[in-house]
file upload-v9.cif (mmCIF, C-alpha atoms and all ligand atoms)
data_data
#
loop_
_atom_site.label_atom_id
_atom_site.label_comp_id
_atom_site.auth_asym_id
_atom_site.auth_seq_id
_atom_site.Cartn_x
_atom_site.Cartn_y
_atom_site.Cartn_z
CA MET A 774 37.43 -100.18 28.85
CA GLU A 775 40.19 -100.92 31.30
CA LYS A 776 42.47 -103.92 31.36
CA LEU A 777 45.37 -104.51 33.69
CA ILE A 778 48.35 -106.20 32.06
CA HIS A 779 50.88 -107.68 34.43
CA THR A 780 54.25 -108.74 33.03
CA LYS A 781 57.57 -109.65 34.63
CA ASN A 782 59.02 -106.13 34.45
CA PHE A 783 56.09 -103.86 33.65
CA ASP A 784 52.54 -103.44 34.93
CA PHE A 785 50.20 -101.15 33.08
CA LYS A 786 46.57 -100.52 32.33
CA VAL A 787 45.18 -100.38 28.83
CA THR A 788 42.39 -97.80 28.81
CA ASP A 789 40.51 -95.81 26.20
CA SER A 790 42.96 -92.99 26.72
CA GLY A 791 46.12 -95.06 26.37
CA LEU A 792 48.61 -97.09 28.36
CA VAL A 793 48.70 -96.05 31.98
CA PHE A 794 51.85 -96.81 33.99
CA ASP A 795 52.62 -96.20 37.62
CA GLU A 796 53.43 -92.53 38.20
CA SER A 797 56.99 -93.37 39.22
CA MET A 798 57.72 -94.68 35.71
CA VAL A 799 59.40 -92.51 33.08
CA THR A 800 57.58 -93.00 29.78
CA GLY A 801 57.40 -91.38 26.36
CA GLU A 802 54.33 -90.29 24.47
CA VAL A 803 51.52 -92.84 24.10
CA LYS A 804 49.93 -93.08 20.66
CA PHE A 805 46.95 -94.99 19.27
CA LYS A 806 46.36 -96.27 15.78
CA LYS A 807 42.68 -96.67 14.96
CA SER A 808 41.35 -99.69 13.11
CA PHE A 809 39.96 -97.42 10.39
CA ASP A 810 43.42 -95.92 9.82
CA MET A 811 44.69 -99.38 8.85
CA ASN A 812 42.52 -99.24 5.71
CA PRO A 813 45.44 -98.79 3.24
CA LEU A 814 46.89 -102.09 4.51
CA LEU A 815 43.75 -104.22 4.65
CA ARG A 816 42.46 -106.88 2.31
CA LYS A 817 38.97 -105.49 2.87
CA PRO A 818 39.06 -101.87 4.01
CA PHE A 819 36.39 -100.74 6.48
CA GLU A 820 33.61 -98.86 4.76
CA GLU A 821 32.77 -96.95 7.90
CA ASP A 822 34.84 -96.06 10.92
CA ASP A 823 34.06 -98.53 13.72
CA HIS A 824 35.88 -96.23 16.20
CA SER A 825 37.85 -99.11 17.68
CA TRP A 826 41.58 -98.81 18.26
CA ASN A 827 43.91 -101.29 16.62
CA TYR A 828 47.05 -100.77 18.64
CA VAL A 829 48.48 -98.45 21.23
CA PHE A 830 52.17 -97.91 21.85
CA VAL A 831 54.64 -96.05 23.98
CA ASN A 832 58.19 -95.26 22.88
CA GLY A 833 60.42 -95.30 25.93
CA VAL A 834 59.42 -97.06 29.14
CA TYR A 835 61.77 -96.85 32.13
CA HIS A 836 61.54 -97.35 35.88
CA SER A 837 63.63 -94.26 36.59
CA GLU A 838 65.56 -91.39 35.00
CA GLU A 839 68.80 -93.27 35.68
CA GLU A 840 67.57 -96.27 33.77
CA LYS A 841 66.50 -94.06 30.87
CA LYS A 842 69.99 -92.56 30.81
CA ILE A 843 71.61 -95.97 30.41
CA TYR A 844 69.51 -96.67 27.31
CA GLU A 845 70.28 -93.22 25.92
CA GLU A 846 74.00 -93.65 26.45
CA LYS A 847 73.80 -96.92 24.55
CA GLY A 848 71.85 -95.19 21.77
CA MET A 849 69.03 -97.70 22.23
CA MET A 850 65.29 -97.26 22.33
CA ASN A 851 62.70 -99.49 23.91
CA GLY A 852 58.94 -99.48 23.83
CA ILE A 853 55.76 -101.42 24.45
CA THR A 854 52.95 -101.97 21.96
CA VAL A 855 49.56 -103.54 22.68
CA LEU A 856 47.41 -104.95 19.90
CA ASN A 857 43.70 -105.03 20.63
CA THR A 858 41.37 -108.03 20.68
CA GLY A 859 38.99 -108.60 17.78
CA ASP A 860 39.87 -108.39 14.10
CA LEU A 861 40.35 -106.02 11.17
CA ASN A 862 37.34 -106.78 9.01
CA GLY A 863 38.17 -110.51 9.14
CA GLU A 864 41.95 -110.18 9.28
CA VAL A 865 43.99 -110.65 12.45
CA ARG A 866 45.05 -107.39 14.03
CA LYS A 867 48.49 -106.25 12.90
CA ASN A 868 50.70 -103.19 12.97
CA SER A 869 51.91 -101.37 9.87
CA GLY A 870 55.29 -102.98 9.18
CA HIS A 871 58.43 -101.64 7.53
CA TYR A 872 61.89 -102.33 6.17
CA HIS A 873 64.90 -101.01 8.06
CA GLY A 874 67.10 -98.72 5.99
CA PHE A 875 70.85 -98.26 6.22
CA ASN A 876 72.92 -96.43 8.80
CA GLU A 877 76.17 -94.77 7.80
CA GLY A 878 79.15 -97.12 7.74
CA HIS A 879 77.04 -100.29 7.48
CA VAL A 880 76.31 -102.62 4.59
CA LEU A 881 73.37 -104.31 6.35
CA PRO A 882 70.34 -102.73 8.04
CA TYR A 883 70.14 -102.81 11.85
CA ALA A 884 68.49 -105.67 13.70
CA GLU A 885 65.75 -105.27 16.31
CA ILE A 886 64.42 -107.47 19.13
CA TYR A 887 60.80 -108.11 19.99
CA GLU A 888 59.69 -110.01 23.05
CA ILE A 889 56.10 -111.07 23.59
CA ILE A 890 55.19 -110.05 27.11
CA TYR A 891 51.47 -110.92 26.92
CA GLY A 892 49.30 -112.98 24.57
CA LYS A 893 50.21 -114.76 21.37
CA ALA A 894 51.82 -113.25 18.30
CA ALA A 895 53.07 -113.95 14.83
CA PHE A 896 55.50 -111.85 12.79
CA PHE A 897 55.86 -111.65 9.06
CA LEU A 898 59.45 -111.59 7.79
CA GLN A 899 59.31 -110.52 4.16
CA GLU A 900 62.82 -110.64 2.73
CA ALA A 901 63.76 -108.32 -0.13
CA ASP A 902 66.99 -106.38 -0.58
CA ASN A 903 65.84 -104.03 -3.35
CA PHE A 904 63.25 -102.14 -1.28
CA LEU A 905 64.96 -98.80 -1.93
CA LYS A 906 65.04 -99.21 -5.72
CA ASP A 907 62.42 -97.95 -8.11
CA GLU A 908 61.46 -101.45 -9.26
CA GLU A 909 59.13 -104.25 -8.20
CA LEU A 910 60.04 -105.78 -4.83
CA ASN A 911 62.03 -108.96 -5.33
CA VAL A 912 60.74 -111.01 -2.39
CA LYS A 913 63.17 -113.87 -1.76
CA SER A 914 61.45 -115.49 1.19
CA MET A 915 58.28 -115.02 3.18
CA ARG A 916 58.02 -116.35 6.72
CA MET A 917 55.35 -116.18 9.38
CA VAL A 918 56.99 -116.74 12.76
CA VAL A 919 54.78 -117.71 15.70
CA VAL A 920 56.04 -116.11 18.93
CA ASN A 921 54.48 -117.07 22.26
CA ALA A 922 54.57 -115.13 25.53
CA GLY A 923 58.14 -115.05 26.86
CA GLU A 924 59.70 -115.78 23.47
CA LYS A 925 61.89 -113.33 21.58
CA ILE A 926 62.47 -112.72 17.89
CA VAL A 927 65.33 -110.83 16.25
CA ILE A 928 64.63 -109.35 12.83
CA PRO A 929 67.18 -110.46 10.19
CA ALA A 930 68.60 -107.98 7.68
CA PHE A 931 66.39 -107.02 4.71
CA CYS A 932 63.23 -108.48 6.28
CA ALA A 933 60.20 -106.21 6.45
CA HIS A 934 58.34 -107.11 9.62
CA CYS A 935 54.99 -106.58 11.25
CA ALA A 936 53.42 -108.03 14.39
CA MET A 937 50.06 -109.77 14.44
CA ASN A 938 47.82 -110.70 17.34
CA ILE A 939 46.86 -114.32 16.68
CA GLY A 940 45.39 -115.03 20.14
CA ASP A 941 41.93 -114.34 21.57
CA ASP A 942 43.14 -111.84 24.15
CA MET A 943 45.17 -108.64 23.72
CA MET A 944 48.80 -109.11 22.73
CA ALA A 945 51.65 -106.97 24.05
CA PHE A 946 55.29 -106.85 23.01
CA TYR A 947 58.42 -105.13 24.25
CA ASN A 948 60.94 -104.02 21.66
CA LEU A 949 64.54 -102.92 21.74
CA ALA A 950 66.35 -101.28 18.83
CA VAL A 951 69.02 -98.85 17.78
CA PRO A 952 67.29 -96.09 15.78
CA CYS A 953 67.53 -96.43 12.00
CA PRO A 954 65.60 -95.18 8.94
CA LEU A 955 62.22 -96.93 8.55
CA HIS A 956 60.64 -97.57 5.14
CA TYR A 957 56.89 -98.13 5.20
CA GLU A 958 56.19 -97.31 1.55
CA PRO A 959 57.18 -100.69 -0.03
CA ILE A 960 54.45 -102.24 2.15
CA THR A 961 51.78 -99.56 1.75
CA ASN A 962 52.39 -99.51 -2.03
CA HIS A 963 51.30 -103.17 -2.07
CA LYS A 964 48.38 -102.73 0.35
CA GLY A 965 50.16 -104.81 2.96
CA PHE A 966 52.54 -107.76 3.15
CA GLY A 967 52.50 -110.68 0.72
CA TYR A 968 49.79 -112.50 2.67
CA TYR A 969 46.73 -111.61 4.68
CA ILE A 970 46.03 -113.75 7.75
CA LEU A 971 42.33 -114.29 8.25
CA LYS A 972 40.81 -115.57 11.47
CA LYS A 973 38.02 -118.07 10.97
CA GLY A 974 36.98 -119.35 14.39
CA ASN A 975 40.08 -121.01 15.80
CA VAL A 976 41.74 -121.41 12.43
CA LEU A 977 44.14 -118.99 10.74
CA VAL A 978 43.99 -118.86 6.96
CA ALA A 979 46.70 -117.23 4.84
CA VAL A 980 45.50 -115.55 1.65
CA LYS A 981 47.97 -114.29 -0.96
CA ASN A 982 47.97 -110.55 -1.54
CA PRO A 983 47.30 -110.12 -5.30
CA ASN A 984 49.24 -106.83 -5.39
CA TYR A 985 52.54 -108.73 -5.52
CA PRO A 986 53.24 -110.19 -9.01
CA ILE A 987 55.50 -112.85 -7.49
CA MET A 988 55.33 -114.09 -3.91
CA PRO A 989 57.08 -117.17 -2.47
CA GLU A 990 55.04 -119.72 -0.53
CA LEU A 991 54.52 -118.81 3.11
CA GLU A 992 56.80 -120.70 5.52
CA VAL A 993 55.49 -121.03 9.07
CA LYS A 994 58.24 -121.01 11.72
CA GLY A 995 58.88 -120.93 15.45
CA VAL A 996 61.71 -119.30 17.43
CA LYS A 997 64.13 -120.69 20.00
CA PRO A 998 66.46 -119.07 22.54
CA SER A 999 70.05 -118.23 21.63
CA GLU A 1000 72.93 -117.87 24.06
CA GLU A 1001 74.97 -116.16 21.36
CA LEU A 1002 72.31 -113.46 21.11
CA ASN A 1003 71.61 -113.29 24.86
CA LEU A 1004 68.06 -114.53 24.37
CA PHE A 1005 67.09 -116.85 27.21
CA ALA A 1006 63.88 -118.76 27.81
CA ASP A 1007 63.61 -117.79 31.48
CA ARG A 1008 64.89 -114.20 31.37
CA THR A 1009 63.43 -111.13 29.75
CA VAL A 1010 65.37 -108.85 27.42
CA PHE A 1011 64.79 -106.09 29.94
CA GLU A 1012 66.39 -108.12 32.76
CA VAL A 1013 69.37 -109.20 30.68
CA PHE A 1014 70.04 -105.62 29.60
CA ALA A 1015 69.72 -104.40 33.21
CA GLU A 1016 72.50 -106.80 34.20
CA ASN A 1017 74.68 -106.28 31.16
CA LYS A 1018 74.17 -103.16 29.11
CA ASP A 1019 76.43 -104.54 26.34
CA ALA A 1020 74.28 -107.66 25.84
CA TYR A 1021 72.49 -106.32 22.78
CA ASP A 1022 75.23 -104.23 21.17
CA TYR A 1023 74.91 -106.57 18.19
CA LEU A 1024 71.69 -104.80 17.16
CA GLY A 1025 73.85 -101.97 15.84
CA GLN A 1026 76.49 -104.36 14.40
CA PRO A 1027 74.36 -106.27 11.90
CA GLU A 1028 77.32 -107.53 9.87
CA GLN A 1029 78.40 -109.72 12.81
CA CYS A 1030 75.18 -111.40 13.87
CA GLN A 1031 73.19 -112.58 10.83
CA GLU A 1032 74.31 -116.20 11.15
CA ALA A 1033 73.26 -116.31 14.79
CA ILE A 1034 69.95 -114.64 14.01
CA ASN A 1035 69.12 -117.14 11.30
CA LYS A 1036 69.68 -120.00 13.75
CA ILE A 1037 66.79 -118.93 16.04
CA PHE A 1038 64.14 -119.95 13.47
CA TYR A 1039 63.03 -123.55 13.13
FE FE B 1101 61.43 -102.40 12.91
#
call {"tool": "encode", "arguments": {"input": "upload-v9.cif", "output": "C-alpha cells"}}
result
Amino acid sequence: MEKLIHTKNFDFKVTDSGLVFDESMVTGEVKFKKSFDMNPLLRKPFEEDDHSWNYVFVNGVYHSEEEKKIYEEKGMMNGITVLNTGDLNGEVRKNSGHYHGFNEGHVLPYAEIYEIIYGKAAFFLQEADNFLKDEELNVKSMRMVVVNAGEKIVIPAFCAHCAMNIGDDMMAFYNLAVPCPLHYEPITNHKGFGYYILKKGNVLVAVKNPNYPIMPELEVKGVKPSEELNLFADRTVFEVFAENKDAYDYLGQPEQCQEAINKIFY
C-alpha cells in the first residue's frame, strides 16, 4: 500500500510502514494504531485481528530545525494524523478521544486546533466538567461537528473530542496544541463516546452508546472561520503561524477565548 497525500504545506506518503516525508523534513516518531486495538472503544469489537491499521500519526512535523525551534520556544506541538479508509466493524473510523486536564494556574483546560488537510471529517465534542471526579459523567451537551478539507475546529473547554473519517477516502488532519494532561479513561470506561456513528452505504447513522445512563440528543454542527481566532478560509493554520508566531497564543489562555470558540459552530 502506498498513497501520496498532497496538501498545501505538507506532502507525504502513507505506506504500510508509516508516514514518509521528504528527507529534508524534521519529524518525530511515527506511530500506528491497529484496528484491532480499537476494540475497547467499539460498539462491536473485532473477534479476530484483521491486521488493518486504523490510524497513523506523527508528533512534530517541520520543514527545518529552525522551524522546529520556533514551535518549541512557543511551547507548542504540531502533528499530522491519517485515518484509514474502510470501517471499524461497521463504525466509521475514529481515534481514541480524550478530555484535556488542567495546567497549573488555569481554571479551564487548554484549547487545541485541528485542521482537515485531506478528506472529510467529523468530531465529537462531548461536554462534561466532572470528568476527574469519581462519579458518573455528567454530559451537558453532545455535538458532532462536520469538518471539511480546509476547515478548522477549535476544541472548547471541557469537551472530550475524537476525530472520525466520514468520507470514502483517507482523512488527514493537522493539529496544533500546547501540551496538557490528557484523560482517556472517562471514554474507555464507557466503551467510547455517547454515540457510535455507523456507515450504511452513503448514510451515517448515530446509535446511542448504552453505557451512558444519561446522554443528551446528538446535535450536528458545522464550523466557520473566525478572525478573532486567526482561522481563515483561505489560509492554513501552518501558514498563519509561520507569519505570526503569536497567532495561536490563545490555546494556552483558555479563559480568554471560550466565547470566540463557541461562535465558530453553527
Ligand atoms: Fe486533544
call {"tool": "residues_near_ligand", "arguments": {"input": "upload-v9.cif", "ligand": "ligand FE 1101 (chain B)", "cutoff": "8 Å", "atoms": "all atoms listed in the file", "output": "ChimeraX atom specification"}}
result
/A:870-873,884-885,928,933-935,950,955
call {"tool": "residues_around", "arguments": {"input": "upload-v9.cif", "residues": "Leu977 (chain A)", "least_positions_apart": "6", "cutoff": "10 Å", "atoms": "all atoms listed in the file", "output": "PyMOL selection string"}}
result
chain A and resi 864-865+939+969-971
call {"tool": "closest_residue", "arguments": {"input": "upload-v9.cif", "among": "A:Val834, A:Val918, A:Met937, A:Ala945", "to": "Thr854 (chain A)", "atoms": "all atoms listed in the file"}}
result
A:Ala945
call {"tool": "closest_residue", "arguments": {"input": "upload-v9.cif", "among": "A:Asn948, A:Pro959, A:Cys953, A:Thr1009", "to": "Glu900 (chain A)", "atoms": "all atoms listed in the file"}}
result
A:Pro959
call {"tool": "closest_residue", "arguments": {"input": "upload-v9.cif", "among": "A:Gly791, A:Glu888, A:Pro813, A:Ala1006", "to": "His963 (chain A)", "atoms": "all atoms listed in the file"}}
result
A:Pro813
call {"tool": "residues_around", "arguments": {"input": "upload-v9.cif", "residues": "Tyr985 (chain A)", "least_positions_apart": "3", "cutoff": "7 Å", "atoms": "only C-alpha atoms", "output": "ChimeraX atom specification"}}
result
/A:963,967,982,988
call {"tool": "closest_residue", "arguments": {"input": "upload-v9.cif", "among": "A:Val829, A:Val787, A:Leu881, A:Leu777", "to": "Glu1028 (chain A)", "atoms": "only C-alpha atoms"}}
result
A:Leu881
call {"tool": "residues_around", "arguments": {"input": "upload-v9.cif", "residues": "Tyr883 (chain A)", "least_positions_apart": "4", "cutoff": "10 Å", "atoms": "only C-alpha atoms", "output": "ChimeraX atom specification"}}
result
/A:873-876,879,928-931,950-954,1023-1028
call {"tool": "write_last_selection", "arguments": {"input": "upload-v9.cif", "atoms": "C-alpha atoms", "output": "PDB file, in the frame of the given file"}}
result
ATOM      1  CA  HIS A 873      64.900-101.010   8.060  1.00  0.00           C
ATOM      2  CA  GLY A 874      67.100 -98.720   5.990  1.00  0.00           C
ATOM      3  CA  PHE A 875      70.850 -98.260   6.220  1.00  0.00           C
ATOM      4  CA  ASN A 876      72.920 -96.430   8.800  1.00  0.00           C
ATOM      5  CA  HIS A 879      77.040-100.290   7.480  1.00  0.00           C
ATOM      6  CA  ILE A 928      64.630-109.350  12.830  1.00  0.00           C
ATOM      7  CA  PRO A 929      67.180-110.460  10.190  1.00  0.00           C
ATOM      8  CA  ALA A 930      68.600-107.980   7.680  1.00  0.00           C
ATOM      9  CA  PHE A 931      66.390-107.020   4.710  1.00  0.00           C
ATOM     10  CA  ALA A 950      66.350-101.280  18.830  1.00  0.00           C
ATOM     11  CA  VAL A 951      69.020 -98.850  17.780  1.00  0.00           C
ATOM     12  CA  PRO A 952      67.290 -96.090  15.780  1.00  0.00           C
ATOM     13  CA  CYS A 953      67.530 -96.430  12.000  1.00  0.00           C
ATOM     14  CA  PRO A 954      65.600 -95.180   8.940  1.00  0.00           C
ATOM     15  CA  TYR A1023      74.910-106.570  18.190  1.00  0.00           C
ATOM     16  CA  LEU A1024      71.690-104.800  17.160  1.00  0.00           C
ATOM     17  CA  GLY A1025      73.850-101.970  15.840  1.00  0.00           C
ATOM     18  CA  GLN A1026      76.490-104.360  14.400  1.00  0.00           C
ATOM     19  CA  PRO A1027      74.360-106.270  11.900  1.00  0.00           C
ATOM     20  CA  GLU A1028      77.320-107.530   9.870  1.00  0.00           C
TER      21      GLU A1028
END
call {"tool": "closest_residue", "arguments": {"input": "upload-v9.cif", "among": "A:Val976, A:Tyr1039, A:Phe830, A:Asn812", "to": "Arg916 (chain A)", "atoms": "all atoms listed in the file"}}
result
A:Tyr1039
call {"tool": "closest_residue", "arguments": {"input": "upload-v9.cif", "among": "A:Lys841, A:Arg866, A:Lys776, A:Arg1008", "to": "Thr788 (chain A)", "atoms": "only C-alpha atoms"}}
result
A:Lys776
call {"tool": "residues_around", "arguments": {"input": "upload-v9.cif", "residues": "Gly863 (chain A)", "least_positions_apart": "3", "cutoff": "12 Å", "atoms": "all atoms listed in the file", "output": "ChimeraX atom specification"}}
result
/A:808,815-819,859-860,866-867,969-974,976-980
call {"tool": "residues_around", "arguments": {"input": "upload-v9.cif", "residues": "region 796-799 of chain A", "least_positions_apart": "6", "cutoff": "7 Å", "atoms": "all atoms listed in the file", "output": "PDB file with C-alpha atoms, keeping the file's coordinate frame"}}
result
ATOM      1  CA  VAL A 834      59.420 -97.060  29.140  1.00  0.00           C
ATOM      2  CA  TYR A 835      61.770 -96.850  32.130  1.00  0.00           C
ATOM      3  CA  HIS A 836      61.540 -97.350  35.880  1.00  0.00           C
ATOM      4  CA  SER A 837      63.630 -94.260  36.590  1.00  0.00           C
ATOM      5  CA  GLU A 838      65.560 -91.390  35.000  1.00  0.00           C
TER       6      GLU A 838
END
call {"tool": "atom_distance", "arguments": {"input": "upload-v9.cif", "atom1": "CA of Ala936 (chain A)", "atom2": "CA of Tyr891 (chain A)"}}
result
13.0 Å
call {"tool": "build_atoms", "arguments": {"input": "upload-v9.cif", "residues": "region 774-798 of chain A", "atoms": "N, CA and C atoms", "output": "PDB file, in the frame of the given file"}}
result
ATOM      1  N   MET A 774      36.538 -99.024  28.979  1.00  0.00           N
ATOM      2  CA  MET A 774      37.430-100.180  28.850  1.00  0.00           C
ATOM      3  C   MET A 774      38.658 -99.970  29.740  1.00  0.00           C
ATOM      4  N   GLU A 775      38.968-100.988  30.505  1.00  0.00           N
ATOM      5  CA  GLU A 775      40.190-100.920  31.300  1.00  0.00           C
ATOM      6  C   GLU A 775      40.683-102.336  31.536  1.00  0.00           C
ATOM      7  N   LYS A 776      41.924-102.580  31.172  1.00  0.00           N
ATOM      8  CA  LYS A 776      42.470-103.920  31.360  1.00  0.00           C
ATOM      9  C   LYS A 776      43.861-103.787  31.960  1.00  0.00           C
ATOM     10  N   LEU A 777      44.063-104.540  33.034  1.00  0.00           N
ATOM     11  CA  LEU A 777      45.370-104.510  33.690  1.00  0.00           C
ATOM     12  C   LEU A 777      46.236-105.596  33.077  1.00  0.00           C
ATOM     13  N   ILE A 778      47.412-105.212  32.599  1.00  0.00           N
ATOM     14  CA  ILE A 778      48.350-106.200  32.060  1.00  0.00           C
ATOM     15  C   ILE A 778      49.547-106.257  32.994  1.00  0.00           C
ATOM     16  N   HIS A 779      49.786-107.478  33.488  1.00  0.00           N
ATOM     17  CA  HIS A 779      50.880-107.680  34.430  1.00  0.00           C
ATOM     18  C   HIS A 779      51.945-108.496  33.710  1.00  0.00           C
ATOM     19  N   THR A 780      53.162-107.977  33.629  1.00  0.00           N
ATOM     20  CA  THR A 780      54.250-108.740  33.030  1.00  0.00           C
ATOM     21  C   THR A 780      55.409-108.750  34.026  1.00  0.00           C
ATOM     22  N   LYS A 781      56.461-109.480  33.704  1.00  0.00           N
ATOM     23  CA  LYS A 781      57.570-109.650  34.630  1.00  0.00           C
ATOM     24  C   LYS A 781      58.189-108.306  35.060  1.00  0.00           C
ATOM     25  N   ASN A 782      58.329-107.384  34.130  1.00  0.00           N
ATOM     26  CA  ASN A 782      59.020-106.130  34.450  1.00  0.00           C
ATOM     27  C   ASN A 782      58.138-104.886  34.384  1.00  0.00           C
ATOM     28  N   PHE A 783      56.950-105.034  33.832  1.00  0.00           N
ATOM     29  CA  PHE A 783      56.090-103.860  33.650  1.00  0.00           C
ATOM     30  C   PHE A 783      54.639-104.212  33.979  1.00  0.00           C
ATOM     31  N   ASP A 784      53.984-103.338  34.727  1.00  0.00           N
ATOM     32  CA  ASP A 784      52.540-103.440  34.930  1.00  0.00           C
ATOM     33  C   ASP A 784      51.928-102.177  34.347  1.00  0.00           C
ATOM     34  N   PHE A 785      50.854-102.346  33.618  1.00  0.00           N
ATOM     35  CA  PHE A 785      50.200-101.150  33.080  1.00  0.00           C
ATOM     36  C   PHE A 785      48.747-101.448  32.788  1.00  0.00           C
ATOM     37  N   LYS A 786      47.984-100.380  32.680  1.00  0.00           N
ATOM     38  CA  LYS A 786      46.570-100.520  32.330  1.00  0.00           C
ATOM     39  C   LYS A 786      46.396-100.074  30.895  1.00  0.00           C
ATOM     40  N   VAL A 787      45.574-100.816  30.169  1.00  0.00           N
ATOM     41  CA  VAL A 787      45.180-100.380  28.830  1.00  0.00           C
ATOM     42  C   VAL A 787      43.798 -99.760  28.996  1.00  0.00           C
ATOM     43  N   THR A 788      43.684 -98.486  28.675  1.00  0.00           N
ATOM     44  CA  THR A 788      42.390 -97.800  28.810  1.00  0.00           C
ATOM     45  C   THR A 788      42.076 -97.094  27.495  1.00  0.00           C
ATOM     46  N   ASP A 789      40.900 -96.515  27.421  1.00  0.00           N
ATOM     47  CA  ASP A 789      40.510 -95.810  26.200  1.00  0.00           C
ATOM     48  C   ASP A 789      41.389 -94.594  25.941  1.00  0.00           C
ATOM     49  N   SER A 790      42.092 -94.149  26.967  1.00  0.00           N
ATOM     50  CA  SER A 790      42.960 -92.990  26.720  1.00  0.00           C
ATOM     51  C   SER A 790      44.422 -93.381  26.588  1.00  0.00           C
ATOM     52  N   GLY A 791      44.729 -94.674  26.629  1.00  0.00           N
ATOM     53  CA  GLY A 791      46.120 -95.060  26.370  1.00  0.00           C
ATOM     54  C   GLY A 791      46.632 -96.157  27.280  1.00  0.00           C
ATOM     55  N   LEU A 792      47.949 -96.165  27.442  1.00  0.00           N
ATOM     56  CA  LEU A 792      48.610 -97.090  28.360  1.00  0.00           C
ATOM     57  C   LEU A 792      48.933 -96.300  29.613  1.00  0.00           C
ATOM     58  N   VAL A 793      48.483 -96.788  30.746  1.00  0.00           N
ATOM     59  CA  VAL A 793      48.700 -96.050  31.980  1.00  0.00           C
ATOM     60  C   VAL A 793      49.674 -96.829  32.861  1.00  0.00           C
ATOM     61  N   PHE A 794      50.818 -96.195  33.148  1.00  0.00           N
ATOM     62  CA  PHE A 794      51.850 -96.810  33.990  1.00  0.00           C
ATOM     63  C   PHE A 794      51.822 -96.151  35.364  1.00  0.00           C
ATOM     64  N   ASP A 795      52.465 -96.793  36.307  1.00  0.00           N
ATOM     65  CA  ASP A 795      52.620 -96.200  37.620  1.00  0.00           C
ATOM     66  C   ASP A 795      53.295 -94.829  37.474  1.00  0.00           C
ATOM     67  N   GLU A 796      52.917 -93.904  38.327  1.00  0.00           N
ATOM     68  CA  GLU A 796      53.430 -92.530  38.200  1.00  0.00           C
ATOM     69  C   GLU A 796      54.940 -92.430  38.349  1.00  0.00           C
ATOM     70  N   SER A 797      55.534 -93.418  39.025  1.00  0.00           N
ATOM     71  CA  SER A 797      56.990 -93.370  39.220  1.00  0.00           C
ATOM     72  C   SER A 797      57.756 -93.729  37.945  1.00  0.00           C
ATOM     73  N   MET A 798      57.064 -94.279  36.956  1.00  0.00           N
ATOM     74  CA  MET A 798      57.720 -94.680  35.710  1.00  0.00           C
ATOM     75  C   MET A 798      58.008 -93.461  34.837  1.00  0.00           C
TER      76      MET A 798
END
